[in-house]
Every structure is written in structure tokens, then in C-alpha cells.
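Notes follow the structure.
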Amino acid sequence: MTSDYDPELEAKLAKIRVHASSKLENQKHMALILSAVEENIQEQNNPRTAVTYFVSFMSLLDRCIQDDIITDNALALSTAYFLDLLAPLTPKSLLKSNFAEILTKIAPAITNEQAEAPLIRSSIGVLETLLLSQDLASWKNASSMNISPKRGLMGLLELTLDSRPKVRRRAQEAISKILSNPPPGPSVEHPGSLDCANFATNKLIETMRLQKSKRKSEDRSANSAVIHCLQLISQITNTNSWPNVRIELVCDLLLEVAKASDQFLITNAFQAFENLFNSMSEDELSIDKFDSVIKIILDLKPSVNDTHLAAAWLAVVAKASTAYSNANQARFIKKFPIFVQTIIQFFSSESENICISTSQCLIAIITEGIHDDSLLISSKQFPISPKLYENVDESITQLAEAVNSLLSVKYNHCLSDILNLISCIFIKLRSRANPDFLNCLEIVGAWRSDEQNFQYIQEADNVIGSAIGALGPEAVLSVLPLNLDSPKKTGRAWLLPLLRDNVRNANLSYFKTQLAPLIKFFEQKIASSTGDSVHAKIFATIIDQIWSLLPHFCDLPTDMPTEFDDEFASELASLMYSKVELRVTICQAFKSLVESNLVYSSGALSEDKLLQQQFPKESAAANIEVLSKMSSKLLSVLFNVFSQTVPELRGFILETIQPYLQISSQDDLVESFNKVCLHLNQALEEDKKNITQAQLDGKKLPNQKLSTGEIPRLSVTMMDLIVVMVKYIPESSYNALLSIFNQTVTIDDSLIQKRSYRIIARLLETESGKNAVEQFLPQIESLFIDSAETTHIPAKAARFQALLRLIQILPDDDLYFIPSILSEVIITIKDPKERSRLLAYDVLKAMAFRMQKGGVVITSKVPEMDPDTPNTQASLSEYFTMCSAGLAGSTAHMIGATINAISYLFYEFRNDMDRDLLNEVSSTVELFLTSKNREIVNATLGFVKVSILTLPSDIVKENLPNLLANLMRWSHEHRGNFKTKVKHMVERLIRKFGADLVEQAIPEEDRKLIANIKKTKRREKRKAVEGDNEPEKSKAKGKTGFISAFEDAIYNDSEDSEDDGDEDEPGNGKSRQYITESKDEPLDLLDQQTLARISSSKPKKFSKKDLAAKAGFRTNQEGKFVINNKIDDDLLDNKASGIDAYVEAVRNGPVKGQRNKLKFLRGKKANNDEDFGDESDEEPAATNKNMFNKIRKPKQKFKAGRKL
């Protein structure tokens, strides 16, 4: 390795050398050229440096470009590619000193008409590197040079408007990079920036003039040229290199373009503006330039009624102000009143769109221009300069005066937009809007009170609601009082819902002193009113609305330590006892007190600096401390109310109890837990006494199932409370908790058992609880095994929820627990309750995962197993062996459940099972197809369906003859849909292996089923082509309604026909309906008789011959009816014989159905002649009945055992 070794160069060239044997000609060509150049360098004993390579490829470029003519395009392309690759690695001094020579050689590759796009792109890269290597002197002394950098720059600028997208983009990127990297010097701007700006503006003016002169049919090409110019301007402005002397011109041009109706032109014009603003906002030195830009844009203000330019100008002002505020917030605040006064004039426009744009522009300037930091009050935590605070205060005052002027009759046409603006102002300014905007609020409130004449009620509600959230209820109600207890004043009861939806972080004292007295006032009114009067109902509604405010006043209250005292808490507690209808509201208030402070103190809303200043996190932590001291008393109240509430309405009380348990101290928790345990023991003793007494008296035992509205026994209530407390009690109480589980799990009461299992499930949700359970795991496992037979059915779900979590913490030497409970889990798969079934599947899967991890199964510990049985290693195959033991069950129910369990595991773990295990399991289960029990066979069919979907194709193909032979045993069984299921499986096999292979493997006597499937598919395709019916495949696409992939595999029969022959069955797809029209009179859709013309079958279009034949009339040569007035004496004259008439009457006559009731067959059932045999797939042609006198036996469907 020499000292000239360049790792960057070698890395780039190495990527090309590997393509010497590439199949792509261009890659191979480049690798060969590189190899030839390197051989030449080696022969001349030159070092392999970037300069050597660059010089070699420059000489190679001379060979393929002679006299400005490209002699070898492929060689020129490869050479230019290598030069583009090597130029950035070549010393800048070399490129600078040989600029003219290099540019002369590379220029033909750019300017020649024969040059292709890839060659031009590579040449642009070389030119870009050349221009980047020039110093300031080279750019300034361009006039003394024949071939100067500015000449190369102008050539590059011409390519930025090229019609080829990739060439144009590469040239624009090169211009952007050149302007972003000016040569070192006193000026920040690039010396070529003025040339670029002049070129771009001149081209834009030229293309815009050309666009106006062209016809509409030529607008597209002209618009494209304008867009190319705008893209170039965007690239230049994005580099912050646009010269000051051309800012006014470019702003004027861009606004002129924004007047166009073409959306692409408008988008590109705005993008150029945005790049101009963003580039200046990122550079602190450009703030003076930004000032001039803002002044120019404001000076270009159009007329307020200019529908073409006003909206575009407002959008530009919004972007400019936002970028200006990001560049310098202090200067923006000073100019803020100018922005407002200039823009607000457009509200006087007669155009609705301009008014909307004005509102949106002001909203953007206020919400995005004024930063939250500027609205803060100076403090130690948030130091704000007094001057900035005064400027912001003055700007807000001027904004309020301007908005006040809008609330007049003059602007009534855009009042909706003005109200939306005011609403956004309140949301943004928050407390800083007080008191400047109170006058606006008072005017809007007066309008809102006049509900009959004011049409913008929703917008006014938004304004008042925003004010409530920003200023607080006190400030709003001081301007707009409720006046509910003053009949002579204007009442504002409509404010109550707005207060409910917007109050937050308010003073709780306001509710106690101002709103709570109103409740007593109206309660007295109700007491003095007579009966169920209308006034009494109105007063009751107002009371409910006032009470509904309490939870929101308790949402992060600012004065909670002083206002939420024992007196107020006891008053609310007594109301919970005395007024049941207030329990939900008061519980929500209690809950909101804790949760809002907990969430806020944990860091939520930390980015809201205004809220942080108004209400620090420390205040929330202090609130939690106060509530923690009161939690013991509040929990006692909640426990008592809980015990007096019916189960259907206990949910909200439990949700209130949990946050107070979370903030309670450990001593309080232990005390509360001990009290509940004491009450539980007493209640259980009382239950025993009641049961014993009932047995002595010969009475029925207490009913374990609660009826609706019945309050449960005290023991059940205490168990509910213990379940809630499990996650919060300290570890010192775990022994007592496990003792309760040990005592209650064996009680012969489903309500107690259910809650007992929930104790373990909740305990295992916490890390400390898992540790406690692991210490007593052998005893808990023994309890679960022993209580399997005594567990009531309603408690199964809770038991399996606990098992699901218990299995996850089993150690490697306690896996005997899995086979001990496996039979119970398997049999529960067929439980009538869905929740129990789903949990059983989850437990089954969890046990499989645990066995898959490995461990030791101590078989001697499994109940009813020989103590001398050797231990086994845990694995997935061993788990399948355990499950397979259920196949030897004594009942069909157990065997069917086992097959279902194996099917589920087979599907879930198909990717983890080896080939031998797959073969073994599938062959074992498929033997049960020979069973005579339908329950077993039904489960086996499900397994077969899963195996067809999941097993590798070669395994299924090997066993295909045996599988089909066993399957076809049940293809003639109608009950349990066995016949349909078998047909579905055969169709799946046909889709997987093809009809020929399946037909060879299927028994010969059943091959007509294959023929029927083929015929059905052909008929579906034919009807789909004819447009009479959609193919079943298209109907089956889309989302299925199954909750798991396993159920989808078992039950989904997409792309299958549900009936053997009836394809038009309504259940198979969306039924079509037709309306039969009459030619005599038009169809009246409003007529009730039209409903009788709606048919599910497509009406047939009859020709004149059909009508004549149907009516019994003859036609002459001209097609006219020949009517014979002679009445036929014999009604059977039209029939070929009397036997045909008898057969027709029998076919169309009634038949006996269920319970011997007569019914008439309709549709295809009336004339069913389809068969599963080898028939032609064409529809039977219409025949004349007079030609056949034979009575043929109707053909039977593919159904065995049918009797005539």
C-alpha cells in the first residue's frame, strides 16, 4: 500500500470493478473501461491517485468528442460518469488553474444536440464541481477571461429550464449547491446570485408574456414553462441568495402568477415565497432583508374586491408573517398592529371567499406568529423582558380595538368569520385577553341572548366557550351573569351547558359561593310548586345542569387545599347517601380531583408554559397530599355506598375507589383492608349459619344467581372490594390475601368462587404480586387442581383468567401442573359460554408456549399417575402427546373437544412443528373419520380442513387417496351439513392440486361430485361473462367476519358454492331486485301499487310470437294476430294427451310438507331436474311438450337416502 492510497477513491472504484461480469451492458461497459484505464496507468508506472484517474479520463474524453461532435456515445457516457465521480476528489487548485481547458472539453457533452440525458447529467456534475472550485477573484475577473465561471453558470442556468425532467432537476440542484457555497470573501451572497436572479426573472416574464398570447389549447405547454421558472426561483430563494435589488420584482411576479386559475402554478408560486421566507428566517443576518420583503409585500396590497389576487396575497402575508416571527419575535410584535390594520380592511369586501381568507390569514398570524413565550408574565422561572411584555400588551389592546370595530352592522355579511376569529383569539391569548376582549364578549353575549333574531348561535357559543376556557368562569360570568334568581333581568340558562363543556382549572370556591346557592334556591321553588308542573320540571333541569358543573370545577382546581375541606367533603358524602341520583356526579367529581392532579404532576401538559406559570406542578403535588390525608374517610364513604348499590350501577363507584387507593398511604390501606377482611369473615360466618338453618328447616338454599335490581349479599360485596384493593395493598397483606383465596375458592358458591379466582388474576398483574405467588406456588397449584371439579360453571371464566397468568410464571420443575389441568381446559373448549371457550383456547396456547420453552415434567406428581412413571422433558411434541391422550376418552364429547384442541394447536404452531410431528398428528386424527359418531366426525372434518390449508403440499398429496376415501364416507350425510363440508374440502383440494389429481384419488363411485363441481364453476364463469350474475369468487373477496385466523380457516368457505345446484340462492350474495314496467302507462314510483311490481327474478322480454303462443293466438305472415272467436269445447284440446295434463297438474299442485300441511313448490324446487352426474355444461334447450309423451323419472340430486 503506497502513500498515495485514497480510501474514499478506492471505495468508489471498488463498487464499479465488481460489475465486470455483470449481465447489464452499461455496468459491464463501465467496469471494462475502468480496467483498461488502470492497466494504462500501471504501464506508465503512475500512482493511482484521483488526479491520475482524472487526467486519464479527460484524455479519453478527447477521443470520443472531436470537433464538438460526439463520435462514441457509450464511451462518452462512461467517461463523463467517471469524471463526475472523480471531480470532487480532485484538488481544487488543479480544477481552478485548468478551468478553461476542462470546461472547453466538457462543454460539447452539454451543448451538443446528440447528447443524451445521462451524458448531460454527468457533465453537469463535472461543471458543478468546476464552478465550486473557483475563488472570488475568478468570479469577479470574468470580463478579462474568454471562458469565465459566469459563462459556465449561464450554460448551467439554461439547462435548468430543459424539457427533460431529470436533466432539469440535476441542473437546478447544481445551481442550488453552487449558490449555497459562495467563495470566501467579504460578501455573504454568491457573486453569481444576481445573474441567476436576472435569468430567472427574465425567463419568467418572457414565459408569462408568451402564456398570455397563446390560445387555451396551448396553455398546458406554457404553464409547464412557467412552472419550470418557478422551480428555479424556489431553488435560488431556498439558498438565501436572492439579491435585495430583485426582491420587489420577484414578489410582484409571484403574486401575478398566484392570480392564475391553475392549481399547480399557485402551488409553485407559494413554494417560492415560502422558500424565500424560510431562508431568511434561518439566517439572523438576513433580518434587515426580511424587513424590506415584508414592506414590499404589504405595499403590493391589492384592492379589497380583487377576487383574483386578494386571496393569494393574504396567503402570502400569512406565510411571511409566520416566518418573520420565527426570525425575530420582538420585531414581529412591533409590526403586529400594522399586519392587523392592513389585513382587517379586507373584511369589507363583498366577496365571501375573500372574507374567509381574511379570517384565516388573521388566525394564522395570531396563532402562529405570537409565540407562547411572549404571552408569559415575567418571573424567575420564565424571565421575560419588560419591553417585550409592554409591546405584547399594547399589541393585544390594538387588536381588541380592531376586533371591536368589526362587531357592527357594516360587517354583518361576514359575521360568522369574525366570530371564528374571536374564538381563536381567546384560545391563543388565554388570560392575556382579559380585560381587553371583555367588551367583545359582552357584545357577543348580548347577541346570543336574542335567540329568535340571531342566526349565528353556534359560532357565538364557540366564542363564549373559548372565553370560559381561557379566562375562567368568573371573568365570563362577571360580564354575562346567569341571572337565574333575578326574574327582572335577562336570564342566561343557556350558559350552563357551555360552562359544563369548557370549565377547567378554575376556582372551586366559585362553585361553592355562586352556583351552589342557586341549587338551594331552585329546590325551594320546586318545594313550593304544585305537583308535576312545567315550572317544577324546568327548575329540576336547571338543578341537574348546575350539579353537572361540579366534576369540571374539580378538574385541576386552583384552590383545592383551602376549598375542598372536610366540611365540603362531608356535605357531598351525605348527599351520596340521601340522593341516589347524585351519586354518579359526585363520584365523577371525587375521581376528577385525584386523576387530574396525578396526571398533571406526572408531567402531562408540561409543554403548556402558560398553564405551568398559572398552576405549577408543585401545586398539583400539594393537592395530592391533601387528598391522600382525606382518602381514608372518603374510601369509607365509597365502600358504604358501594354496598348499598345494585351491581348494575356499581361500575362508576369502583372507578372512583381505585384512584383513592392509589394515593392512600400504606397504613391507611392496611387499615382499610383489615376492616374489609373483618366484614368478610363475619359475612361468611353469617352465610354458613343461614345455610345450616335452611338445611335444618328443610328450606331451599339461598339462590346464587342475582336477579336484576337485587343487592348482593355482604360477603359478595366484600369480595368485590378485596378484588379492587389487590393491586394497591402492601406486600405485608399478601399472606392475608392468599389466605382469603384459600378459604373462599372451595366455597360452594359461584359468586364467591368467581371473585376468589379474580384475586389471583389481579395479584399476578403486579411484580410484587408475582413474587408472592411464586413463594406459595405449590399450594396454589394444588388448590387449582383440587378445585377443578368443584368449580361452578359461571366461575370458569375467572378461573381460566387466573390460569392464563399463572402458567406464564411456572418454573421449569413445576410443569406437571400443565397435564394436571389439561383435560379441564380441553373439555371447556366446548363450553356453552363464549368467554369461557375463548379463554380456554388462550390457556391452551399459553401452555404450549410454556412447554416449548423447555423444562421437566415430573409425571409422578400428576394426579392418578403411577408414582414410578419417569419424568419427561418439556417440548412441543410432548405437549401434543399429552393432548392426544384425550383421543382415548370414554365419551364422544371429550374426543371431539380433544380434536378441536389439536386442530387449534396444529394451526397456531404449524411453523414450529417438524415434519414427523405433522405427519403423526394428522394421520392420527384423520383416523377418526371412520367413526360412526357425528360429534367426533364433525370435529375431525374441522381438523381436515385446517390440515389442507396448513400442511405442506407434498404431505397432503401423499395421503390424498386415504383422505378422500374417508371423507367421501360422509359425502352422503345431510345432517350437520356434512355433505356441504365435504364438498368444500374437495373444492379446496381441487384449487390446491388440480381437478385431475383429485379425480384420480377419489373413489370411482364418487367422481360425479368432481363433475358437478366442474359444471358449477363453468356455469359461474359463463354467467359472469353474460352479466347475469357475479362469480362467487368476487363475492368472497373482502374482510371476513371472524375474530381470529383459526376461525377464518375453519369456518370461512369463500369462493365456494353453499348449495349443490342452486346458484341463485339469496344467501349466497346480494340479491337483485327488478321492477316490471308496463308499456301501457308510465311507472309511478309514488303509487303504493308499485311495490307489487318489484320482483327478485329478472323479467323476461317477450316477443310478439311469445305473446301469441302464450295467449293461444296465431299470427299471419305480416305478424298480426289471428283471433278465432270460436270457443273451444274441450279445455284439454291444447294438450297432446290427457296424461300430460295430469302430469302437469301433479307437478304444479300442492304437496305435503311438515306436519302434513299442504304447500305449493315454487322456483326451482317445483321442477328440480339437476344431477351430479356427467352432464353437458350447457343449459337445456327449450323443448315443445307436444313432442314428448313419455313420463320420465325425475333425476335425483347428489343426496343419498332420499326416498320418493
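We name chains A, B, ... following the order of the C-alpha cells; residues begin at 1 in each chain, and ligands are numbered from 1 as shown.
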
Neighbours of Tyr728 (chain A) within 9 Å (only C-alpha atoms; same-chain residues fewer than 5 positions away dropped), as a list in words? Gln658, Leu661, Gln662, Ser664, Gln666 and Leu669 of chain A

Keeping N, CA, C and O atoms, export the residues of the selection given above as a PDB file, in the first residue's frame.
ATOM      1  N   GLN A 658     -60.621   3.307  42.965  1.00  0.00           N
ATOM      2  CA  GLN A 658     -59.254   2.957  42.565  1.00  0.00           C
ATOM      3  C   GLN A 658     -58.260   4.121  42.669  1.00  0.00           C
ATOM      4  O   GLN A 658     -57.170   3.941  43.214  1.00  0.00           O
ATOM      5  N   LEU A 661     -57.380   4.617  46.288  1.00  0.00           N
ATOM      6  CA  LEU A 661     -56.488   3.558  46.770  1.00  0.00           C
ATOM      7  C   LEU A 661     -55.054   3.822  46.308  1.00  0.00           C
ATOM      8  O   LEU A 661     -54.091   3.523  47.010  1.00  0.00           O
ATOM      9  N   GLN A 662     -54.917   4.397  45.120  1.00  0.00           N
ATOM     10  CA  GLN A 662     -53.591   4.651  44.561  1.00  0.00           C
ATOM     11  C   GLN A 662     -52.826   5.707  45.353  1.00  0.00           C
ATOM     12  O   GLN A 662     -51.599   5.612  45.503  1.00  0.00           O
ATOM     13  N   SER A 664     -53.495   6.583  48.609  1.00  0.00           N
ATOM     14  CA  SER A 664     -53.547   6.376  50.056  1.00  0.00           C
ATOM     15  C   SER A 664     -52.195   5.899  50.577  1.00  0.00           C
ATOM     16  O   SER A 664     -51.439   5.216  49.873  1.00  0.00           O
ATOM     17  N   GLN A 666     -49.683   3.627  52.997  1.00  0.00           N
ATOM     18  CA  GLN A 666     -49.712   2.190  53.268  1.00  0.00           C
ATOM     19  C   GLN A 666     -50.457   1.889  54.561  1.00  0.00           C
ATOM     20  O   GLN A 666     -51.185   0.889  54.643  1.00  0.00           O
ATOM     21  N   LEU A 669     -54.091   2.028  53.829  1.00  0.00           N
ATOM     22  CA  LEU A 669     -54.503   0.882  53.014  1.00  0.00           C
ATOM     23  C   LEU A 669     -54.644  -0.377  53.866  1.00  0.00           C
ATOM     24  O   LEU A 669     -55.613  -1.138  53.727  1.00  0.00           O
TER      25      LEU A 669
END

d(CA of Asn977 (chain A), CA of Ile955 (chain A)) in Å: 27.1 Å

Can you pull out every residue within 9 Å of Phe522 (chain A), counting only C-alpha atoms, but drop anything in the same chain fewer than 5 positions away, and send it as a list in words? Asp485, Pro517, Ala527, Ala536, Phe539, Ala540, Ile542 and Ile543 of chain A

How many Å separate CA of Thr90 (chain A) from CA of Asp6 (chain A)? 11.3 Å

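CA of Val476 (chain A) lies 22.5 Å from CA of Ala589 (chain A).
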
Using only C-alpha atoms, determine which residues lie at most 10 Å from Ile354 (chain A), disregarding the query and same-chain residues fewer than 6 positions distant; provide the list as an mmCIF file with all heavy atoms, in the first residue's frame.
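Output (part_13.cif):
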data_model
loop_
_atom_site.group_PDB
_atom_site.id
_atom_site.type_symbol
_atom_site.label_atom_id
_atom_site.label_comp_id
_atom_site.auth_asym_id
_atom_site.auth_seq_id
_atom_site.Cartn_x
_atom_site.Cartn_y
_atom_site.Cartn_z
ATOM 1 N N VAL A 304 -59.602 45.457 -2.128
ATOM 2 C CA VAL A 304 -60.321 44.530 -1.247
ATOM 3 C C VAL A 304 -61.323 43.694 -2.028
ATOM 4 O O VAL A 304 -61.771 42.634 -1.538
ATOM 5 C CB VAL A 304 -61.044 45.292 -0.119
ATOM 6 C CG1 VAL A 304 -60.047 45.946 0.805
ATOM 7 C CG2 VAL A 304 -62.013 46.320 -0.697
ATOM 8 N N ASN A 305 -61.690 44.121 -3.224
ATOM 9 C CA ASN A 305 -62.653 43.371 -4.030
ATOM 10 C C ASN A 305 -61.998 42.659 -5.206
ATOM 11 O O ASN A 305 -62.698 42.177 -6.111
ATOM 12 C CB ASN A 305 -63.752 44.309 -4.550
ATOM 13 C CG ASN A 305 -64.656 44.800 -3.431
ATOM 14 O OD1 ASN A 305 -65.086 44.018 -2.592
ATOM 15 N ND2 ASN A 305 -64.928 46.099 -3.412
ATOM 16 N N ASP A 306 -60.668 42.590 -5.212
ATOM 17 C CA ASP A 306 -59.956 41.888 -6.279
ATOM 18 C C ASP A 306 -60.035 40.386 -6.016
ATOM 19 O O ASP A 306 -59.257 39.825 -5.234
ATOM 20 C CB ASP A 306 -58.504 42.353 -6.327
ATOM 21 C CG ASP A 306 -57.772 41.833 -7.555
ATOM 22 O OD1 ASP A 306 -58.279 40.876 -8.168
ATOM 23 O OD2 ASP A 306 -56.711 42.375 -7.888
ATOM 24 N N THR A 307 -60.986 39.718 -6.644
ATOM 25 C CA THR A 307 -61.212 38.290 -6.372
ATOM 26 C C THR A 307 -60.070 37.422 -6.868
ATOM 27 O O THR A 307 -59.918 36.284 -6.407
ATOM 28 C CB THR A 307 -62.527 37.835 -7.032
ATOM 29 O OG1 THR A 307 -62.476 38.148 -8.436
ATOM 30 C CG2 THR A 307 -63.724 38.536 -6.409
ATOM 31 N N HIS A 308 -59.270 37.912 -7.819
ATOM 32 C CA HIS A 308 -58.183 37.097 -8.353
ATOM 33 C C HIS A 308 -56.943 37.135 -7.470
ATOM 34 O O HIS A 308 -56.307 36.117 -7.233
ATOM 35 C CB HIS A 308 -57.814 37.572 -9.764
ATOM 36 C CG HIS A 308 -58.882 37.350 -10.771
ATOM 37 N ND1 HIS A 308 -59.210 36.109 -11.246
ATOM 38 C CD2 HIS A 308 -59.728 38.221 -11.379
ATOM 39 C CE1 HIS A 308 -60.199 36.199 -12.110
ATOM 40 N NE2 HIS A 308 -60.535 37.479 -12.218
ATOM 41 N N LEU A 309 -56.616 38.309 -6.968
ATOM 42 C CA LEU A 309 -55.330 38.466 -6.292
ATOM 43 C C LEU A 309 -55.440 38.537 -4.769
ATOM 44 O O LEU A 309 -54.486 38.180 -4.070
ATOM 45 C CB LEU A 309 -54.641 39.733 -6.812
ATOM 46 C CG LEU A 309 -53.198 39.980 -6.366
ATOM 47 C CD1 LEU A 309 -52.320 38.797 -6.738
ATOM 48 C CD2 LEU A 309 -52.664 41.253 -6.984
ATOM 49 N N ALA A 310 -56.587 38.948 -4.239
ATOM 50 C CA ALA A 310 -56.682 39.196 -2.793
ATOM 51 C C ALA A 310 -56.416 37.939 -1.981
ATOM 52 O O ALA A 310 -55.643 37.957 -1.014
ATOM 53 C CB ALA A 310 -58.060 39.775 -2.462
ATOM 54 N N ALA A 311 -57.056 36.821 -2.359
ATOM 55 C CA ALA A 311 -56.883 35.586 -1.590
ATOM 56 C C ALA A 311 -55.435 35.120 -1.621
ATOM 57 O O ALA A 311 -54.877 34.702 -0.604
ATOM 58 C CB ALA A 311 -57.813 34.505 -2.130
ATOM 59 N N ALA A 312 -54.793 35.205 -2.800
ATOM 60 C CA ALA A 312 -53.388 34.789 -2.901
ATOM 61 C C ALA A 312 -52.488 35.708 -2.084
ATOM 62 O O ALA A 312 -51.563 35.247 -1.405
ATOM 63 C CB ALA A 312 -52.962 34.808 -4.368
ATOM 64 N N LEU A 314 -53.276 37.401 0.603
ATOM 65 C CA LEU A 314 -53.490 37.121 2.028
ATOM 66 C C LEU A 314 -52.740 35.865 2.456
ATOM 67 O O LEU A 314 -52.178 35.798 3.555
ATOM 68 C CB LEU A 314 -54.988 36.978 2.309
ATOM 69 C CG LEU A 314 -55.801 38.276 2.245
ATOM 70 C CD1 LEU A 314 -57.295 37.959 2.259
ATOM 71 C CD2 LEU A 314 -55.450 39.192 3.411
ATOM 72 N N PHE A 346 -59.899 43.927 4.604
ATOM 73 C CA PHE A 346 -60.496 43.033 3.620
ATOM 74 C C PHE A 346 -61.814 42.428 4.098
ATOM 75 O O PHE A 346 -62.500 41.762 3.320
ATOM 76 C CB PHE A 346 -59.499 41.914 3.261
ATOM 77 C CG PHE A 346 -58.381 42.383 2.377
ATOM 78 C CD1 PHE A 346 -57.245 42.963 2.923
ATOM 79 C CD2 PHE A 346 -58.460 42.277 1.005
ATOM 80 C CE1 PHE A 346 -56.213 43.409 2.121
ATOM 81 C CE2 PHE A 346 -57.440 42.717 0.194
ATOM 82 C CZ PHE A 346 -56.303 43.285 0.748
ATOM 83 N N PHE A 347 -62.181 42.617 5.364
ATOM 84 C CA PHE A 347 -63.495 42.182 5.827
ATOM 85 C C PHE A 347 -64.617 42.999 5.178
ATOM 86 O O PHE A 347 -65.766 42.585 5.174
ATOM 87 C CB PHE A 347 -63.603 42.281 7.350
ATOM 88 C CG PHE A 347 -63.064 41.084 8.071
ATOM 89 C CD1 PHE A 347 -62.043 41.212 9.012
ATOM 90 C CD2 PHE A 347 -63.573 39.819 7.820
ATOM 91 C CE1 PHE A 347 -61.555 40.115 9.686
ATOM 92 C CE2 PHE A 347 -63.079 38.703 8.490
ATOM 93 C CZ PHE A 347 -62.072 38.847 9.428
ATOM 94 N N SER A 348 -64.273 44.164 4.656
ATOM 95 C CA SER A 348 -65.289 44.981 3.997
ATOM 96 C C SER A 348 -65.549 44.545 2.564
ATOM 97 O O SER A 348 -66.381 45.140 1.873
ATOM 98 C CB SER A 348 -64.860 46.455 4.010
ATOM 99 O OG SER A 348 -63.630 46.615 3.322
ATOM 100 N N GLN A 360 -58.892 33.561 7.928
ATOM 101 C CA GLN A 360 -57.855 32.542 8.050
ATOM 102 C C GLN A 360 -56.466 33.168 8.144
ATOM 103 O O GLN A 360 -55.597 32.669 8.861
ATOM 104 C CB GLN A 360 -57.922 31.593 6.845
ATOM 105 C CG GLN A 360 -59.192 30.775 6.767
ATOM 106 C CD GLN A 360 -59.380 29.886 7.970
ATOM 107 O OE1 GLN A 360 -58.420 29.308 8.486
ATOM 108 N NE2 GLN A 360 -60.616 29.765 8.439
ATOM 109 N N CYS A 414 -70.117 39.119 7.013
ATOM 110 C CA CYS A 414 -69.031 38.176 7.328
ATOM 111 C C CYS A 414 -68.938 37.933 8.828
ATOM 112 O O CYS A 414 -67.844 37.664 9.348
ATOM 113 C CB CYS A 414 -67.699 38.684 6.784
ATOM 114 S SG CYS A 414 -67.226 40.323 7.391
#

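Taking only C-alpha atoms, the non-local environment of region 373-385 of chain A within 8 Å (same-chain residues fewer than 6 positions away omitted) comprises Val392, Leu429, Arg432, Lys609, Leu610 and Gln613 of chain A.
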
Name all residues at most 8 Å from Leu61 (chain A) (count only C-alpha atoms; drop same-chain ones fewer than 5 positions away) and give them as a count of residues only. 4

If you count only C-alpha atoms, which residues fall within 10 Å of Phe564 (chain A), apart from same-chain ones fewer than 3 positions away, as a VMD selection string? chain A and resid 508 to 509 512 554 557 559 to 561 567 to 569 593 623 626 to 627

Among region 249-363 of chain A, which residues does DSSP mark as alpha helix (DSSP H) when it is run on the backbone? Keep the chain and numbering as in the structure and answer as a count of residues only. 88

Just checking: using only C-alpha atoms, which residue out of A:Leu230, A:Ser281, A:Leu276, A:Leu605 ends up closest to Asn244 (chain A)? A:Leu276
